[in-house]
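I have placed the structure first, in the form of structure tokens, so that the comments after it can refer back to it.
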Amino acid sequence: LKVKVEDTYSRAADGGTGFAKCGGNYGGAFYPTQLAREAGYDQVIWTDSKTHELIEESGTMNLMFVINGTLVTPPLSGTILDGITRDSLLAIAKDKGLKMEVRPVNVNELKQALEAGQKVEAFGAGTAAVIAPIETIAIDGKEYTCYIAEDAMMYQLQKELYDIRHGNAVDNHHWNYII
């Protein structure tokens with residue numbers, strides 16, 4: 001994916017229903033997403049509605065990053081969906097002993113890591129795509145390239161979840177039921 005950090009419009013605000021999977025939460029996303037597409041992007045990265053400094057979601061997906069080997073994702077809040085795929089990937093990362101942090105992710109932190117040439121993976125996590133790799137992120141009008149090579153952590157997590165779903169790996173979390 002090629003995305004841009006949205007610094008004008010908001011998908012959700014505190015006190016609303018941004019945490020819920022309902023159509024009304026995404027209706028306001030159509031116009032900013034259309035503007036992003038007209039500018040050559042597939043989607044936007046939503047930021048907080050107060051300061052536009054904290055990363056929240058991308059489109060209808062939770063966002064995750066790998067910055068210098070650490071899996072990082074924003075904490076759940078009243079504006080971030082409690083996604084099942086997000087939870088599953090975090091559980092798998094924990095099982096594998098991967099370094100991870102659930103904490104606020106500042107746009108400037110991401111920008112600094114990319115400008116410093118650090119190895120940064122960025123991806124959406126959601127039911128339909130499971131993992132949607134982000135190749136390009138535009139911040140303040142400048143485009144940055146993320147790491148999407150075959151050995152990326154996101155693909156390892158995706159494969160593990162796929163293997164569990166298809167019975168090719170042990171399901172220690174009892175996610176699957178034989179019916």
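Each chain in the structure tokens gets a letter, A, B, ..., in the order shown, and its residues are numbered from 1; ligands are numbered from 1 in order too.
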Against range 138-154 of chain A, which residues of range 7-126 of chain A fall within 7 Å? For each one I want the closest pair of atoms and the distance in Å (one decimal), counting only C-alpha atoms, rows by chain and increasing residue number, as CSV.
residue,atom,partner,partner_atom,distance
A:Leu114,CA,A:Tyr144,CA,6.5
A:Lys119,CA,A:Tyr147,CA,6.2
A:Val120,CA,A:Cys146,CA,5.4
A:Glu121,CA,A:Tyr147,CA,4.9
A:Ala122,CA,A:Cys146,CA,6.5
Task: Selection near Glu56 in chain A, 7 Å with only C-alpha atoms, sequence-local residues under 2 positions removed, as a PyMOL selection string - done: chain A and resi 46-48+54+63+74+80
Selection from above, all heavy atoms, as a compact mmCIF listing (two decimals), in the first residue's frame, can you write it?
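Result file follows (part.txt):
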# COMPACT_ATOMS: atom_id res chain seq x y z
N TRP A 46 -4.89 7.41 9.81
CA TRP A 46 -5.65 8.32 10.66
C TRP A 46 -4.85 8.68 11.89
O TRP A 46 -4.15 7.84 12.47
CB TRP A 46 -6.98 7.69 11.08
CG TRP A 46 -7.88 7.44 9.93
CD1 TRP A 46 -8.22 6.22 9.40
CD2 TRP A 46 -8.54 8.42 9.12
NE1 TRP A 46 -9.05 6.40 8.33
CE2 TRP A 46 -9.27 7.74 8.13
CE3 TRP A 46 -8.58 9.81 9.16
CZ2 TRP A 46 -10.04 8.40 7.18
CZ3 TRP A 46 -9.35 10.47 8.20
CH2 TRP A 46 -10.06 9.76 7.23
N THR A 47 -4.94 9.93 12.29
CA THR A 47 -4.29 10.42 13.50
C THR A 47 -5.36 10.88 14.48
O THR A 47 -6.54 10.98 14.13
CB THR A 47 -3.34 11.58 13.17
OG1 THR A 47 -4.08 12.59 12.46
CG2 THR A 47 -2.17 11.12 12.32
N ASP A 48 -4.94 11.16 15.70
CA ASP A 48 -5.90 11.59 16.71
C ASP A 48 -6.56 12.90 16.30
O ASP A 48 -5.97 13.72 15.59
CB ASP A 48 -5.21 11.75 18.07
CG ASP A 48 -4.25 12.91 18.11
OD1 ASP A 48 -3.17 12.82 17.50
OD2 ASP A 48 -4.59 13.93 18.74
N LEU A 54 -0.75 11.66 16.99
CA LEU A 54 -0.69 10.25 17.35
C LEU A 54 -1.37 9.40 16.28
O LEU A 54 -2.49 9.68 15.86
CB LEU A 54 -1.35 10.01 18.70
CG LEU A 54 -0.70 10.74 19.88
CD1 LEU A 54 -1.51 10.50 21.15
CD2 LEU A 54 0.74 10.27 20.06
N LEU A 63 -3.24 -0.53 12.87
CA LEU A 63 -1.89 -0.33 12.34
C LEU A 63 -0.87 -0.94 13.27
O LEU A 63 -0.99 -0.87 14.50
CB LEU A 63 -1.60 1.17 12.22
CG LEU A 63 -1.96 1.80 10.89
CD1 LEU A 63 -1.73 3.30 10.94
CD2 LEU A 63 -1.19 1.19 9.75
N PRO A 74 -0.45 1.11 18.41
CA PRO A 74 -1.13 2.01 19.35
C PRO A 74 -2.03 1.23 20.29
O PRO A 74 -2.60 0.20 19.92
CB PRO A 74 -1.97 2.91 18.44
CG PRO A 74 -1.34 2.83 17.09
CD PRO A 74 -0.77 1.44 17.01
N ILE A 80 -10.02 3.69 18.58
CA ILE A 80 -9.32 2.62 17.87
C ILE A 80 -10.08 1.31 18.06
O ILE A 80 -10.36 0.91 19.19
CB ILE A 80 -7.86 2.48 18.36
CG1 ILE A 80 -7.08 3.75 18.03
CG2 ILE A 80 -7.19 1.26 17.73
CD1 ILE A 80 -5.65 3.76 18.52
Task: Non-local contacts of Asp7 in chain A (7 Å; only C-alpha atoms; under 2 positions in same chain excluded) as an NGL selection string - done: :A and (5 or 9 or 47 or 52)
TODO: Taking the DSSP assignment computed from this structure's backbone, write out as a ChimeraX atom specification all residues of range 89-129 of chain A that belong to strand (DSSP E).
DONE: /A:100-102,120-126
Output C-alpha atoms for every residue in the selection just made, as a PDB file, in the first residue's frame.
ATOM      1  CA  MET A 100       6.696  -5.686  21.326  1.00  0.00           C
ATOM      2  CA  GLU A 101       5.226  -2.488  22.695  1.00  0.00           C
ATOM      3  CA  VAL A 102       1.606  -1.400  22.871  1.00  0.00           C
ATOM      4  CA  VAL A 120      10.733   0.202   9.542  1.00  0.00           C
ATOM      5  CA  GLU A 121       7.910  -2.151   8.628  1.00  0.00           C
ATOM      6  CA  ALA A 122       4.386  -0.756   8.525  1.00  0.00           C
ATOM      7  CA  PHE A 123       1.225  -2.749   7.960  1.00  0.00           C
ATOM      8  CA  GLY A 124      -2.490  -2.804   8.446  1.00  0.00           C
ATOM      9  CA  ALA A 125      -4.019  -5.716  10.336  1.00  0.00           C
ATOM     10  CA  GLY A 126      -7.591  -6.694   9.611  1.00  0.00           C
TER      11      GLY A 126
END
Open item on the list: With distances taken over only C-alpha atoms, which residue among A:Val107, A:Ile134, A:Ala20, A:Met64 lies nearest Thr85 in chain A?
Closed with: A:Met64
Open item on the list: So, with only C-alpha atoms as the atoms that count, which of A:Thr17, A:Ala113, A:Lys96, A:Thr127 lies closest to Thr60 in chain A?
Closed with: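 Comparing A:Thr17, A:Ala113, A:Lys96, A:Thr127 against Thr60 in chain A, the winner is A:Thr127.
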TODO: as a PyMOL selection string, please: all residues of range 3-178 of chain A that backbone DSSP puts in helix (DSSP H, G or I).
DONE: chain A and resi 24-27+30-38+84-95+107-115+153-165
Spatial neighbours of Ser77 in chain A, max dist 10 Å, only C-alpha atoms, sep filter under 4 positions, as a PDB file with C-alpha atoms, in the first residue's frame:
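Below is the file that was written, result.pdb:
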ATOM      1  CA  ASP A  14     -13.068  10.798  21.887  1.00  0.00           C
ATOM      2  CA  GLY A  18     -14.791   5.036  17.029  1.00  0.00           C
ATOM      3  CA  PHE A  19     -14.022   1.814  18.886  1.00  0.00           C
ATOM      4  CA  GLU A  56      -4.443   5.502  15.175  1.00  0.00           C
ATOM      5  CA  LEU A  81     -11.121  -0.594  16.987  1.00  0.00           C
ATOM      6  CA  ASP A  82     -10.386  -3.625  19.156  1.00  0.00           C
TER       7      ASP A  82
END
Task: Who sits within 9 Å of Asn176 in chain A, only C-alpha atoms, same chain under 6 positions skipped, as a ChimeraX atom specification - done: /A:164-167
Task: Pick from A:Pro104, A:Gly27, A:Gly15, A:Gly40 nearest to Ile137 in chain A, counting only C-alpha atoms - done: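 Looking only at the distances to Ile137 in chain A, the closest residue turns out to be A:Gly40.
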Task: Closest of A:Ala116, A:Ala132, A:Ile67, A:Leu98 to Asp42 in chain A - atom-to-atom distances counting only C-alpha atoms - done: A:Ala132
Task: Option closest in space to Ile84 in chain A, from A:Gly24, A:Trp175, A:Ala12, A:Thr136 [counting only C-alpha atoms] - done: A:Trp175
Open item on the list: What's the separation between CA of Val130 in chain A and CA of Asp87 in chain A, in Å to one decimal place?
Closed with: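 That distance, rounded to one decimal, is 11.5 Å.
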Task: Contacts of Asp171 in chain A within 12 Å, only C-alpha atoms, excl. fewer than 2 positions in-chain, as a list of chain:residue names - done: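 Non-adjacent residues within range: A:Ser88, A:Ala91, A:Ile92, A:Asp95, A:Glu160, A:Leu161, A:Tyr162, A:Asp163, A:Ile164, A:Arg165, A:His166, A:Gly167, A:Asn168, A:Ala169, A:His173, A:His174, A:Trp175, A:Asn176, A:Tyr177, A:Ile178.
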- [ ] Find the spatial neighbours of Gly16 in chain A, counting only C-alpha atoms, within a cut-off of 10 Å - ignore same-chain residues fewer than 5 positions away - and output them as a list in words.
- [x]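 That gives Asn25, Gly78 and Thr79 of chain A.
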Task: Å distance separating CA of Tyr26 in chain A from CA of Gln43 in chain A, one decimal place - done: 12.7 Å
